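upload23.txt follows (compact mmCIF, C-alpha atoms and all ligand atoms):
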```
# COMPACT_ATOMS: atom_id res chain seq x y z
CA MET A 1 28.01 -126.18 90.07
CA ASN A 2 25.40 -123.42 89.75
CA ASN A 3 23.33 -122.83 86.62
CA PHE A 4 25.12 -120.53 84.21
CA THR A 5 25.06 -118.83 80.83
CA PHE A 6 28.43 -118.40 79.17
CA TYR A 7 28.50 -116.06 76.20
CA SER A 8 31.87 -115.22 74.69
CA PRO A 9 31.23 -114.05 71.14
CA THR A 10 34.69 -112.56 70.50
CA GLU A 11 36.56 -113.89 67.46
CA PHE A 12 40.18 -114.51 68.48
CA ILE A 13 42.73 -114.28 65.69
CA PHE A 14 45.93 -115.57 67.22
CA GLY A 15 49.52 -115.92 66.03
CA LYS A 16 52.43 -114.45 64.11
CA ASN A 17 51.71 -111.52 61.75
CA THR A 18 47.98 -111.58 62.50
CA GLN A 19 47.97 -107.77 62.87
CA GLN A 20 48.20 -107.67 59.08
CA LYS A 21 44.59 -108.90 58.99
CA THR A 22 43.30 -105.85 60.86
CA GLY A 23 41.86 -103.88 57.93
CA LYS A 24 40.08 -106.90 56.45
CA THR A 25 38.70 -107.91 59.84
CA VAL A 26 37.40 -104.42 60.64
CA LYS A 27 35.70 -104.42 57.23
CA ARG A 28 34.17 -107.83 57.87
CA TYR A 29 32.58 -106.43 61.02
CA GLY A 30 31.12 -103.48 59.14
CA GLY A 31 33.66 -100.83 60.18
CA GLU A 32 33.44 -97.96 57.70
CA LYS A 33 34.18 -94.91 59.80
CA VAL A 34 36.60 -96.02 62.48
CA MET A 35 38.13 -94.46 65.59
CA LEU A 36 41.63 -95.79 66.21
CA VAL A 37 42.53 -95.60 69.92
CA TYR A 38 46.02 -96.25 71.27
CA GLY A 39 48.45 -95.47 74.08
CA GLY A 40 51.50 -93.39 74.84
CA GLN A 41 54.26 -94.39 72.49
CA SER A 42 55.06 -98.12 72.40
CA ALA A 43 52.80 -98.96 69.45
CA GLU A 44 54.02 -96.01 67.40
CA LYS A 45 57.66 -96.77 68.21
CA SER A 46 57.41 -100.44 67.22
CA GLY A 47 55.86 -99.54 63.85
CA LEU A 48 52.59 -101.29 64.75
CA ILE A 49 50.45 -98.18 64.26
CA LYS A 50 51.90 -97.68 60.78
CA GLU A 51 51.08 -101.32 59.95
CA ILE A 52 47.53 -100.90 61.26
CA THR A 53 46.84 -97.62 59.49
CA ASP A 54 48.25 -99.05 56.24
CA SER A 55 46.01 -102.07 56.64
CA LEU A 56 42.92 -99.84 57.17
CA THR A 57 43.83 -97.63 54.22
CA GLN A 58 44.29 -100.65 51.94
CA GLU A 59 40.69 -101.60 52.66
CA GLY A 60 39.51 -98.04 52.00
CA ILE A 61 38.47 -97.55 55.62
CA ASP A 62 38.23 -93.97 56.83
CA PHE A 63 39.54 -93.41 60.37
CA CYS A 64 40.24 -90.77 63.00
CA VAL A 65 42.69 -91.11 65.91
CA LEU A 66 42.54 -90.77 69.70
CA LYS A 67 46.02 -91.40 71.10
CA GLY A 68 48.05 -90.97 74.26
CA ILE A 69 45.78 -93.04 76.53
CA LYS A 70 47.65 -93.52 79.81
CA PRO A 71 47.69 -96.50 82.18
CA ASN A 72 44.86 -96.30 84.76
CA PRO A 73 42.82 -94.44 82.16
CA THR A 74 40.80 -91.40 83.18
CA ASP A 75 37.42 -89.97 82.23
CA ASP A 76 38.78 -86.81 80.54
CA ARG A 77 39.99 -88.89 77.58
CA VAL A 78 36.66 -90.75 77.47
CA TYR A 79 34.75 -87.45 77.15
CA GLU A 80 37.18 -86.34 74.46
CA GLY A 81 36.64 -89.63 72.60
CA ILE A 82 32.84 -89.38 72.88
CA SER A 83 32.86 -85.87 71.34
CA LEU A 84 35.14 -87.05 68.55
CA ALA A 85 33.03 -90.14 67.88
CA VAL A 86 29.85 -88.09 67.63
CA LYS A 87 31.49 -85.37 65.50
CA GLU A 88 33.01 -87.90 63.08
CA GLY A 89 29.98 -90.21 63.03
CA ILE A 90 32.10 -93.30 63.70
CA ASN A 91 30.56 -96.78 63.55
CA PHE A 92 33.49 -98.89 64.85
CA ILE A 93 36.22 -98.43 67.47
CA LEU A 94 39.60 -100.13 67.07
CA ALA A 95 41.69 -100.33 70.25
CA VAL A 96 45.41 -101.05 69.80
CA GLY A 97 47.06 -101.68 73.16
CA GLY A 98 46.26 -103.15 76.57
CA GLY A 99 43.56 -102.83 79.20
CA SER A 100 43.81 -99.06 79.51
CA VAL A 101 43.29 -98.46 75.81
CA ILE A 102 40.61 -101.13 75.41
CA ASP A 103 38.69 -99.93 78.48
CA THR A 104 38.74 -96.35 77.19
CA ALA A 105 37.46 -97.58 73.82
CA LYS A 106 34.64 -99.49 75.55
CA ALA A 107 33.66 -96.44 77.64
CA ILE A 108 33.51 -94.32 74.47
CA ALA A 109 31.50 -97.08 72.79
CA LEU A 110 28.87 -96.77 75.53
CA GLY A 111 28.94 -93.00 75.93
CA ALA A 112 28.76 -92.06 72.26
CA VAL A 113 25.32 -93.66 71.81
CA TYR A 114 23.85 -92.46 75.11
CA ASP A 115 22.21 -89.10 75.78
CA GLY A 116 23.28 -88.85 79.43
CA ASP A 117 26.69 -88.95 81.16
CA PHE A 118 28.64 -92.17 80.48
CA TRP A 119 29.34 -92.41 84.24
CA ASP A 120 25.68 -93.38 84.73
CA PHE A 121 26.67 -96.91 83.62
CA TYR A 122 29.56 -97.13 86.07
CA CYS A 123 27.49 -95.89 89.04
CA GLY A 124 24.60 -98.24 88.31
CA LYS A 125 22.25 -95.39 87.32
CA ALA A 126 21.81 -96.84 83.82
CA THR A 127 22.20 -100.27 82.19
CA PRO A 128 23.93 -100.51 78.82
CA VAL A 129 21.48 -101.16 75.99
CA ALA A 130 23.66 -100.16 73.04
CA ALA A 131 27.33 -99.72 72.24
CA ILE A 132 29.44 -99.02 69.19
CA PRO A 133 31.26 -102.27 68.25
CA VAL A 134 34.85 -102.52 69.45
CA GLY A 135 37.74 -104.51 67.94
CA VAL A 136 41.15 -105.05 69.52
CA VAL A 137 44.78 -105.51 68.54
CA LEU A 138 46.31 -106.65 71.84
CA THR A 139 49.87 -105.61 72.78
CA ILE A 140 50.05 -106.68 76.45
CA PRO A 141 48.62 -109.81 78.09
CA ALA A 142 47.25 -108.70 81.44
CA ALA A 143 43.80 -107.21 81.99
CA GLY A 144 41.97 -109.68 79.74
CA SER A 145 39.80 -106.85 78.42
CA GLU A 146 40.20 -108.25 74.89
CA GLY A 147 37.85 -111.09 75.87
CA SER A 148 35.87 -109.55 78.72
CA GLY A 149 32.73 -107.45 78.82
CA ASN A 150 34.24 -105.10 81.39
CA THR A 151 35.70 -101.63 81.38
CA VAL A 152 37.47 -99.88 84.29
CA ILE A 153 37.90 -96.09 84.28
CA THR A 154 39.15 -93.62 86.92
CA ARG A 155 37.03 -90.57 87.60
CA LEU A 156 39.41 -87.66 88.06
CA ASP A 157 36.99 -85.94 90.39
CA GLY A 158 37.78 -87.79 93.65
CA LEU A 159 40.01 -90.43 91.98
CA HIS A 160 37.43 -93.21 91.97
CA LYS A 161 38.23 -96.25 89.84
CA MET A 162 34.96 -97.79 88.71
CA SER A 163 33.87 -100.59 86.43
CA VAL A 164 30.88 -101.76 84.47
CA GLY A 165 30.23 -105.06 82.72
CA SER A 166 27.93 -105.93 79.83
CA SER A 167 28.06 -108.54 77.10
CA LEU A 168 27.60 -105.64 74.66
CA LEU A 169 31.15 -104.65 75.54
CA ARG A 170 32.78 -107.90 74.55
CA PRO A 171 35.03 -107.05 71.61
CA ARG A 172 33.87 -108.30 68.21
CA PHE A 173 37.39 -109.57 67.56
CA ALA A 174 40.80 -109.63 69.21
CA ILE A 175 43.93 -109.91 67.12
CA MET A 176 46.67 -111.44 69.27
CA ASN A 177 50.22 -111.78 68.01
CA PRO A 178 52.52 -112.91 70.87
CA GLU A 179 55.51 -111.38 69.05
CA LEU A 180 54.04 -107.92 69.69
CA THR A 181 54.53 -108.48 73.42
CA MET A 182 58.30 -108.96 73.10
CA THR A 183 58.87 -105.18 73.34
CA LEU A 184 57.28 -105.05 76.79
CA PRO A 185 59.50 -103.85 79.63
CA TRP A 186 59.91 -106.76 82.07
CA PHE A 187 57.98 -104.88 84.76
CA GLN A 188 54.88 -104.72 82.52
CA THR A 189 55.14 -108.44 81.70
CA ALA A 190 55.38 -109.18 85.43
CA CYS A 191 52.40 -106.95 86.26
CA GLY A 192 50.40 -108.67 83.53
CA VAL A 193 51.21 -112.08 84.98
CA SER A 194 50.14 -110.93 88.44
CA ASP A 195 46.87 -109.55 87.06
CA MET A 196 45.91 -112.63 85.03
CA LEU A 197 46.67 -114.93 87.96
CA CYS A 198 44.43 -112.83 90.16
CA HIS A 199 41.61 -113.02 87.61
CA ILE A 200 41.67 -116.76 88.21
CA PHE A 201 42.04 -116.37 92.00
CA GLU A 202 38.88 -114.24 92.08
CA ARG A 203 36.98 -117.19 90.60
CA TYR A 204 38.89 -120.10 92.11
CA PHE A 205 38.49 -119.00 95.73
CA SER A 206 34.79 -119.76 95.96
CA ASN A 207 32.45 -121.86 98.05
CA THR A 208 30.75 -123.41 95.01
CA PRO A 209 31.83 -127.00 94.37
CA ALA A 210 33.19 -127.17 90.79
CA ARG A 211 35.79 -129.89 90.31
CA LEU A 212 36.22 -129.60 86.55
CA VAL A 213 36.49 -125.79 86.53
CA ASN A 214 38.85 -125.85 89.51
CA GLY A 215 40.97 -128.49 87.80
CA TYR A 216 41.54 -126.55 84.62
CA SER A 217 41.93 -123.30 86.57
CA GLU A 218 44.74 -124.94 88.55
CA ALA A 219 46.40 -126.10 85.33
CA ILE A 220 46.25 -122.57 83.88
CA MET A 221 47.67 -121.03 87.06
CA ARG A 222 50.56 -123.51 87.16
CA ASP A 223 51.33 -122.85 83.51
CA ILE A 224 51.26 -119.06 83.93
CA MET A 225 53.79 -119.33 86.76
CA GLY A 226 56.06 -121.72 84.89
CA ARG A 227 55.97 -119.74 81.64
CA ALA A 228 56.52 -116.42 83.46
CA LEU A 229 59.75 -117.77 84.94
CA GLU A 230 60.85 -118.96 81.49
CA LEU A 231 60.17 -115.50 80.08
CA LYS A 232 62.26 -113.93 82.83
CA VAL A 233 65.21 -115.85 81.40
CA ASP A 234 64.33 -115.27 77.73
CA GLY A 235 61.76 -112.62 76.88
CA ASN A 236 61.85 -113.67 73.22
CA ASN A 237 60.68 -117.22 73.88
CA TYR A 238 57.73 -117.31 71.44
CA ASP A 239 55.99 -120.35 72.91
CA ALA A 240 56.11 -118.89 76.40
CA ARG A 241 54.82 -115.52 75.11
CA ALA A 242 52.03 -117.38 73.30
CA ASP A 243 50.96 -119.36 76.37
CA ILE A 244 51.01 -116.25 78.55
CA MET A 245 48.99 -114.29 76.01
CA TRP A 246 46.28 -116.91 75.69
CA ALA A 247 46.26 -117.51 79.45
CA GLY A 248 45.57 -113.80 80.00
CA THR A 249 42.45 -114.11 77.86
CA ILE A 250 41.02 -117.32 79.30
CA ALA A 251 41.79 -116.10 82.82
CA HIS A 252 39.22 -113.36 82.37
CA ASN A 253 36.74 -114.22 79.63
CA GLY A 254 34.58 -116.05 82.14
CA LEU A 255 35.63 -119.64 81.43
CA CYS A 256 37.26 -120.04 84.86
CA GLY A 257 34.17 -118.76 86.66
CA VAL A 258 31.36 -120.68 84.99
CA GLY A 259 28.87 -122.07 87.49
CA LYS A 260 30.69 -120.51 90.43
CA GLU A 261 30.10 -117.65 92.81
CA GLU A 262 33.04 -115.30 92.22
CA ASP A 263 34.82 -113.22 94.85
CA TRP A 264 36.47 -110.02 93.47
CA ALA A 265 37.39 -108.55 96.87
CA SER A 266 41.14 -108.41 96.05
CA HIS A 267 40.40 -106.44 92.88
CA ARG A 268 38.15 -103.97 94.70
CA ILE A 269 40.69 -103.53 97.47
CA GLU A 270 43.49 -102.99 94.91
CA HIS A 271 41.54 -100.63 92.66
CA GLU A 272 41.63 -98.03 95.45
CA VAL A 273 45.43 -98.30 95.52
CA SER A 274 45.94 -97.86 91.76
CA ALA A 275 43.33 -95.08 91.62
CA ILE A 276 44.81 -93.02 94.44
CA TYR A 277 48.54 -93.77 93.98
CA ASP A 278 48.56 -94.40 90.20
CA VAL A 279 50.56 -97.64 90.47
CA ALA A 280 50.23 -100.51 87.99
CA HIS A 281 47.17 -102.65 88.81
CA GLY A 282 49.14 -105.94 88.69
CA ALA A 283 51.82 -104.51 90.99
CA GLY A 284 49.14 -103.51 93.50
CA LEU A 285 47.62 -107.00 93.35
CA ALA A 286 50.97 -108.62 94.24
CA CYS A 287 50.76 -106.76 97.56
CA ILE A 288 47.05 -107.27 98.24
CA VAL A 289 46.66 -110.95 97.26
CA PRO A 290 49.01 -112.55 99.85
CA ALA A 291 47.51 -110.32 102.57
CA TRP A 292 43.97 -111.25 101.48
CA LEU A 293 44.86 -114.97 101.41
CA SER A 294 46.36 -114.88 104.90
CA PHE A 295 43.28 -113.12 106.19
CA VAL A 296 40.60 -115.30 104.58
CA ALA A 297 42.42 -118.58 105.25
CA LYS A 298 41.78 -118.11 108.98
CA ARG A 299 38.02 -118.07 108.41
CA ASN A 300 37.72 -120.39 105.43
CA PRO A 301 40.83 -122.48 104.84
CA ASP A 302 39.62 -125.14 102.37
CA MET A 303 40.40 -123.62 98.99
CA VAL A 304 43.58 -121.95 100.22
CA TRP A 305 44.76 -125.37 101.40
CA GLN A 306 43.91 -126.90 98.01
CA PHE A 307 45.66 -124.03 96.22
CA ALA A 308 48.80 -124.52 98.32
CA ILE A 309 49.02 -128.19 97.34
CA ASN A 310 47.69 -128.24 93.76
CA VAL A 311 49.08 -124.95 92.50
CA MET A 312 52.03 -124.00 94.69
CA GLY A 313 53.19 -127.61 94.95
CA VAL A 314 53.37 -127.86 98.74
CA ASN A 315 54.00 -131.43 99.89
CA PRO A 316 51.40 -131.93 102.62
CA ASP A 317 53.11 -134.94 104.26
CA GLY A 318 53.56 -134.34 107.96
CA LEU A 319 52.28 -130.75 107.83
CA SER A 320 49.22 -129.33 109.59
CA THR A 321 46.57 -127.45 107.59
CA GLU A 322 47.92 -124.13 108.92
CA GLU A 323 51.48 -125.07 107.93
CA ILE A 324 50.40 -126.10 104.42
CA ILE A 325 48.56 -122.80 103.96
CA ALA A 326 51.44 -120.72 105.35
CA LYS A 327 53.90 -122.49 103.04
CA GLY A 328 51.61 -121.98 100.02
CA ILE A 329 51.29 -118.25 100.67
CA SER A 330 55.00 -117.93 101.30
CA LEU A 331 55.75 -119.67 97.96
CA LEU A 332 53.34 -117.35 96.17
CA LYS A 333 55.17 -114.36 97.67
CA ASP A 334 58.47 -115.87 96.53
CA PHE A 335 57.02 -116.13 93.03
CA TYR A 336 56.08 -112.44 92.99
CA HIS A 337 59.57 -111.59 94.27
CA ASP A 338 61.13 -113.78 91.54
CA LEU A 339 59.20 -111.69 89.03
CA GLY A 340 60.74 -108.59 90.62
CA LEU A 341 57.45 -107.44 92.17
CA THR A 342 57.26 -106.26 95.76
CA THR A 343 54.60 -107.62 98.11
CA SER A 344 54.72 -104.50 100.29
CA LEU A 345 52.46 -101.50 99.61
CA THR A 346 54.93 -99.24 101.41
CA ASP A 347 57.69 -100.32 99.02
CA LEU A 348 55.43 -100.01 96.01
CA ILE A 349 54.21 -96.52 96.76
CA GLY A 350 57.48 -95.27 98.28
CA ARG A 351 55.78 -94.31 101.55
CA GLN A 352 53.13 -95.69 103.86
CA PRO A 353 49.72 -95.39 102.17
CA ASP A 354 46.88 -93.54 103.87
CA ILE A 355 44.86 -96.59 104.91
CA GLU A 356 41.92 -94.56 106.20
CA ALA A 357 41.62 -92.78 102.85
CA LEU A 358 41.72 -96.15 101.05
CA VAL A 359 39.02 -97.63 103.29
CA ARG A 360 36.82 -94.51 103.01
CA SER A 361 37.01 -94.60 99.24
CA LEU A 362 36.41 -98.36 99.16
CA GLU A 363 33.30 -97.97 101.29
CA GLY A 364 32.10 -95.09 99.10
CA ASN A 365 32.41 -97.23 96.00
CA MET A 366 31.45 -100.67 97.30
CA GLY A 367 29.28 -100.18 100.42
CA LYS A 368 29.76 -101.95 103.73
CA THR A 369 30.79 -105.46 102.61
CA LEU A 370 32.55 -107.11 99.70
CA GLY A 371 33.66 -110.54 98.57
CA TYR A 372 31.98 -113.94 98.78
CA TYR A 373 34.60 -116.56 99.63
CA VAL A 374 34.73 -114.72 102.95
CA PRO A 375 32.43 -111.68 103.06
CA LEU A 376 34.55 -108.78 104.32
CA SER A 377 33.52 -105.80 106.43
CA MET A 378 35.36 -102.50 106.08
CA ASP A 379 37.25 -103.35 109.31
CA ASP A 380 38.41 -106.58 107.64
CA CYS A 381 39.56 -104.61 104.58
CA ARG A 382 41.45 -102.20 106.83
CA GLU A 383 43.23 -105.22 108.35
CA ILE A 384 44.09 -106.54 104.88
CA TYR A 385 45.61 -103.17 103.90
CA MET A 386 47.64 -103.32 107.15
CA LEU A 387 48.81 -106.87 106.40
CA ALA A 388 49.92 -105.66 102.95
CA LEU A 389 52.09 -102.83 104.32
O1 LIG B 1 51.11 -96.38 76.48
P1 LIG B 1 52.16 -97.23 75.89
O2 LIG B 1 53.35 -96.47 75.41
O3 LIG B 1 51.62 -98.18 74.84
O4 LIG B 1 52.76 -98.14 77.07
C1 LIG B 1 51.99 -99.14 77.71
C2 LIG B 1 51.69 -98.78 79.17
O5 LIG B 1 52.63 -97.90 79.69
C3 LIG B 1 52.85 -100.38 77.86
N1 LIG B 1 52.75 -101.30 76.72
C4 LIG B 1 51.65 -101.94 76.25
N2 LIG B 1 51.98 -102.77 75.26
C5 LIG B 1 53.31 -102.65 75.07
C6 LIG B 1 53.81 -101.70 75.99
N3 LIG B 1 55.12 -101.37 76.05
C7 LIG B 1 55.96 -101.98 75.18
N4 LIG B 1 55.56 -102.91 74.29
C8 LIG B 1 54.25 -103.29 74.20
N5 LIG B 1 53.87 -104.24 73.35
O6 LIG B 1 52.35 -101.04 79.00
C9 LIG B 1 51.87 -100.09 79.92
C10 LIG B 1 50.62 -100.60 80.58
O7 LIG B 1 49.54 -100.66 79.67
P2 LIG B 1 48.05 -100.88 80.21
O8 LIG B 1 47.12 -100.88 79.06
O9 LIG B 1 47.77 -99.91 81.32
O10 LIG B 1 48.15 -102.34 80.85
P3 LIG B 1 47.08 -103.39 81.26
O11 LIG B 1 46.69 -104.21 80.10
O12 LIG B 1 47.64 -104.04 82.44
O13 LIG B 1 45.77 -102.56 81.69
C11 LIG B 1 45.62 -102.06 82.99
C12 LIG B 1 44.26 -101.43 83.15
O14 LIG B 1 43.22 -102.40 82.95
C13 LIG B 1 42.32 -102.38 84.08
C14 LIG B 1 43.25 -102.01 85.21
O15 LIG B 1 42.55 -101.56 86.34
C15 LIG B 1 44.07 -100.90 84.56
O16 LIG B 1 43.36 -99.68 84.55
N6 LIG B 1 41.63 -103.67 84.17
C16 LIG B 1 40.68 -103.93 83.25
C17 LIG B 1 39.93 -105.08 83.28
C18 LIG B 1 38.88 -105.35 82.25
N7 LIG B 1 38.56 -104.40 81.42
O17 LIG B 1 38.28 -106.44 82.19
C19 LIG B 1 40.08 -106.07 84.34
C20 LIG B 1 41.34 -105.93 85.12
O18 LIG B 1 41.16 -106.51 86.37
C21 LIG B 1 41.81 -104.53 85.32
O19 LIG B 1 41.18 -103.91 86.42
ZN ZN B 2 42.78 -107.28 87.14
```

Once you've parsed the file, please lay out its structure as structure tokens.
Amino acid sequence: MNNFTFYSPTEFIFGKNTQQKTGKTVKRYGGEKVMLVYGGQSAEKSGLIKEITDSLTQEGIDFCVLKGIKPNPTDDRVYEGISLAVKEGINFILAVGGGSVIDTAKAIALGAVYDGDFWDFYCGKATPVAAIPVGVVLTIPAAGSEGSGNTVITRLDGLHKMSVGSSLLRPRFAIMNPELTMTLPWFQTACGVSDMLCHIFERYFSNTPARLVNGYSEAIMRDIMGRALELKVDGNNYDARADIMWAGTIAHNGLCGVGKEEDWASHRIEHEVSAIYDVAHGAGLACIVPAWLSFVAKRNPDMVWQFAINVMGVNPDGLSTEEIIAKGISLLKDFYHDLGLTTSLTDLIGRQPDIEALVRSLEGNMGKTLGYYVPLSMDDCREIYMLAL
């Protein structure tokens, strides 16, 4: 295990009816002039927004609204939010939704207290030194942004999806009621499952020895898969919703990566797909991950072999290393298919993607190599896109 610092200051308020505590919690964190940020329609339709605004009003909290944030959020809404935040003099941002809403809130939180362009943080031209505090009411377990210090935004000019991380961006609190996720269309639940699993993969597939972290990471991965299949049968199974919701947070708040060199190549490779073709991030990952695994296992089989046995349940008796790995990857693909997700980019996009455009954009954003479990050249990434077709 490498030396590490793990700082996860977010207060998690988990369980039934917890959204009713929103107003009081915002107040506790000093929110007086609040910007409420939410998505397209689900939270209005379910009555959640009414509950939240009532709860803020009861506490005498003044708020303005930025709504209609779309999946794969774009910079135009961030600029709009920054102007609004400055005009209204807000001192707290409340995000009600999933990764897209939370990431937009975090970008506004950075941009509203910075004199330059908020993109400076995403391109590495500036390091965050201040941010407006953000609180979250989570409605979809997936991106893990409720417990992470990351934000991912797509720049409309050139369709580049870029991210920045800072502990300043970790939400002050995250209110998590699993019942709120019961209105999710199955496809969104499935994409969330694919995303949270991959957040663990990015940390699990590593060359750093870490038996304890690997052990609990394996347990979380097995549980996500088991619970996801239970939810497929009964989407109103509260205990399964609860496990999936908490798993989505601990998959990405850093716990599964402590003391380890992390990889993140699959995410980078996928981000080009969701930026250019506007597909759901988790759906893109279901295509990229099996292709990435097949590719890296040829150069560095050890952790893929362990994953096949300890997570996918392959019985190694009488099988060669290659056979164990092939069976593990094949079972993972079966799992995605059981969720109703395709593992083919061509299927996902509805036509063959422009691989050269994907590789060009990837190189523009990430440079000549990416990943650590197996460092990948752009030719390797091209091959992975081809394997994912
Ligand atoms: O807009 P509405 O109507 O609310 O519909 C949303 C949206 O269409 C719907 N939804 C959310 N909660 C619902 C619901 N529908 C019914 N009932 C509910 N309770 O779900 C759709 C997807 O929402 P979105 O916020 O886009 O999902 P997700 O949480 O998967 O976020 C995806 C974004 O997060 C980024 C991804 O790249 C993508 O842009 N990521 C952010 C990360 C981070 N900040 O740490 C890490 C991740 O790896 C990821 O890259
Ligand atoms: Zn992700």

Which residues of chain A come within 8 Å of ligand LIG 1 (chain B), and for each one, what is the closest pair of atoms and their distance in Å to one decimal, counting all atoms listed in the file, sorted by chain and residue number, as CSV?
```
residue,atom,partner,partner_atom,distance
A:Tyr38,CA,B:LIG1,O3,6.9
A:Gly39,CA,B:LIG1,O1,3.7
A:Gly40,CA,B:LIG1,O1,3.4
A:Gln41,CA,B:LIG1,O2,3.7
A:Ser42,CA,B:LIG1,O2,3.8
A:Ala43,CA,B:LIG1,O3,5.6
A:Ser46,CA,B:LIG1,N4,7.7
A:Gly68,CA,B:LIG1,O1,6.6
A:Ile69,CA,B:LIG1,O1,6.3
A:Lys70,CA,B:LIG1,O1,5.6
A:Pro71,CA,B:LIG1,O9,3.5
A:Asn72,CA,B:LIG1,O16,3.7
A:Pro73,CA,B:LIG1,O16,5.8
A:Gly97,CA,B:LIG1,N2,5.5
A:Gly98,CA,B:LIG1,O8,3.5
A:Gly99,CA,B:LIG1,O13,3.3
A:Ser100,CA,B:LIG1,O8,3.8
A:Val101,CA,B:LIG1,O8,5.6
A:Ile102,CA,B:LIG1,N7,7.1
A:Asp103,CA,B:LIG1,N7,5.4
A:Leu138,CA,B:LIG1,N2,7.7
A:Thr139,CA,B:LIG1,N5,4.3
A:Ile140,CA,B:LIG1,N2,4.5
A:Pro141,CA,B:LIG1,O11,6.3
A:Ala142,CA,B:LIG1,O11,4.7
A:Ala143,CA,B:LIG1,C20,4.2
A:Gly144,CA,B:LIG1,O17,5.5
A:Ser145,CA,B:LIG1,N7,4.1
A:Glu146,CA,B:LIG1,N7,7.8
A:Gly147,CA,B:LIG1,O17,7.9
A:Ser148,CA,B:LIG1,O17,5.2
A:Gly149,CA,B:LIG1,O17,6.6
A:Asn150,CA,B:LIG1,O17,4.3
A:Thr151,CA,B:LIG1,N7,4.0
A:Val152,CA,B:LIG1,C16,5.3
A:Ile153,CA,B:LIG1,O16,6.5
A:Thr154,CA,B:LIG1,O16,7.8
A:Lys161,CA,B:LIG1,O15,7.7
A:Ser163,CA,B:LIG1,N7,7.8
A:Leu180,CA,B:LIG1,N5,5.2
A:Thr181,CA,B:LIG1,N5,4.3
A:Met182,CA,B:LIG1,N5,6.5
A:Thr183,CA,B:LIG1,N4,4.1
A:Leu184,CA,B:LIG1,C7,3.7
A:Pro185,CA,B:LIG1,C7,6.0
A:Gln188,CA,B:LIG1,O6,5.7
A:Cys191,CA,B:LIG1,O12,6.8
A:Gly192,CA,B:LIG1,O12,5.5
A:Asp195,CA,B:LIG1,O18,6.5
A:Met196,CA,B:LIG1,O18,7.9
A:His199,CA,B:LIG1,O18,6.6
A:His252,CA,B:LIG1,O17,7.0
A:His267,CA,B:LIG1,O18,6.6
A:His271,CA,B:LIG1,O15,6.5
A:Ser274,CA,B:LIG1,O15,7.4
A:Ala280,CA,B:LIG1,C11,7.0
A:His281,CA,B:LIG1,O15,5.4
A:Gly282,CA,B:LIG1,O12,6.7
```

Straight-line distance linking atom CA of Glu356 of chain A with atom CA of Ile276 of chain A, stated in Å to one decimal: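 That distance, rounded to one decimal, is 12.2 Å.
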
Surrounding residues of Ser294 of chain A excluding itself and chain neighbours under 4 positions, 12 Å, only C-alpha atoms, as a count of residues only: 30

Proximity to ligand ZN 2 (chain B) - best of A:Asp334, A:Glu202, A:Asp354, A:Asp239, all atoms listed in the file: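 The answer is A:Glu202, which sits nearest to ligand ZN 2 (chain B).
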
For atom CA of Met221 of chain A and atom CA of Gly313 of chain A, the interatomic separation in Å (one decimal):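 Between atom CA of Met221 of chain A and atom CA of Gly313 of chain A the gap is 11.7 Å.
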
With the input short on atoms, add N, CA and C atoms back to segment 153-163 of chain A and write it as a PDB file, in the frame of the given file.
```pdb
ATOM      1  N   ILE A 153      37.442 -97.466  84.543  1.00  0.00           N
ATOM      2  CA  ILE A 153      37.900 -96.090  84.280  1.00  0.00           C
ATOM      3  C   ILE A 153      38.015 -95.345  85.619  1.00  0.00           C
ATOM      4  N   THR A 154      38.995 -94.438  85.702  1.00  0.00           N
ATOM      5  CA  THR A 154      39.150 -93.620  86.920  1.00  0.00           C
ATOM      6  C   THR A 154      38.511 -92.257  86.694  1.00  0.00           C
ATOM      7  N   ARG A 155      37.671 -91.889  87.637  1.00  0.00           N
ATOM      8  CA  ARG A 155      37.030 -90.570  87.600  1.00  0.00           C
ATOM      9  C   ARG A 155      37.987 -89.590  88.258  1.00  0.00           C
ATOM     10  N   LEU A 156      38.406 -88.588  87.518  1.00  0.00           N
ATOM     11  CA  LEU A 156      39.410 -87.660  88.060  1.00  0.00           C
ATOM     12  C   LEU A 156      38.875 -86.919  89.276  1.00  0.00           C
ATOM     13  N   ASP A 157      37.591 -86.618  89.263  1.00  0.00           N
ATOM     14  CA  ASP A 157      36.990 -85.940  90.390  1.00  0.00           C
ATOM     15  C   ASP A 157      36.873 -86.932  91.559  1.00  0.00           C
ATOM     16  N   GLY A 158      37.802 -86.895  92.491  1.00  0.00           N
ATOM     17  CA  GLY A 158      37.780 -87.790  93.650  1.00  0.00           C
ATOM     18  C   GLY A 158      38.602 -89.052  93.459  1.00  0.00           C
ATOM     19  N   LEU A 159      39.176 -89.260  92.275  1.00  0.00           N
ATOM     20  CA  LEU A 159      40.010 -90.430  91.980  1.00  0.00           C
ATOM     21  C   LEU A 159      39.319 -91.758  92.315  1.00  0.00           C
ATOM     22  N   HIS A 160      38.132 -91.941  91.779  1.00  0.00           N
ATOM     23  CA  HIS A 160      37.430 -93.210  91.970  1.00  0.00           C
ATOM     24  C   HIS A 160      37.596 -94.083  90.744  1.00  0.00           C
ATOM     25  N   LYS A 161      38.078 -95.315  90.960  1.00  0.00           N
ATOM     26  CA  LYS A 161      38.230 -96.250  89.840  1.00  0.00           C
ATOM     27  C   LYS A 161      36.989 -97.129  89.826  1.00  0.00           C
ATOM     28  N   MET A 162      36.231 -97.076  88.743  1.00  0.00           N
ATOM     29  CA  MET A 162      34.960 -97.790  88.710  1.00  0.00           C
ATOM     30  C   MET A 162      34.824 -98.637  87.455  1.00  0.00           C
ATOM     31  N   SER A 163      33.983 -99.678  87.571  1.00  0.00           N
ATOM     32  CA  SER A 163      33.870-100.590  86.430  1.00  0.00           C
ATOM     33  C   SER A 163      32.405-100.849  86.085  1.00  0.00           C
TER      34      SER A 163
END
```
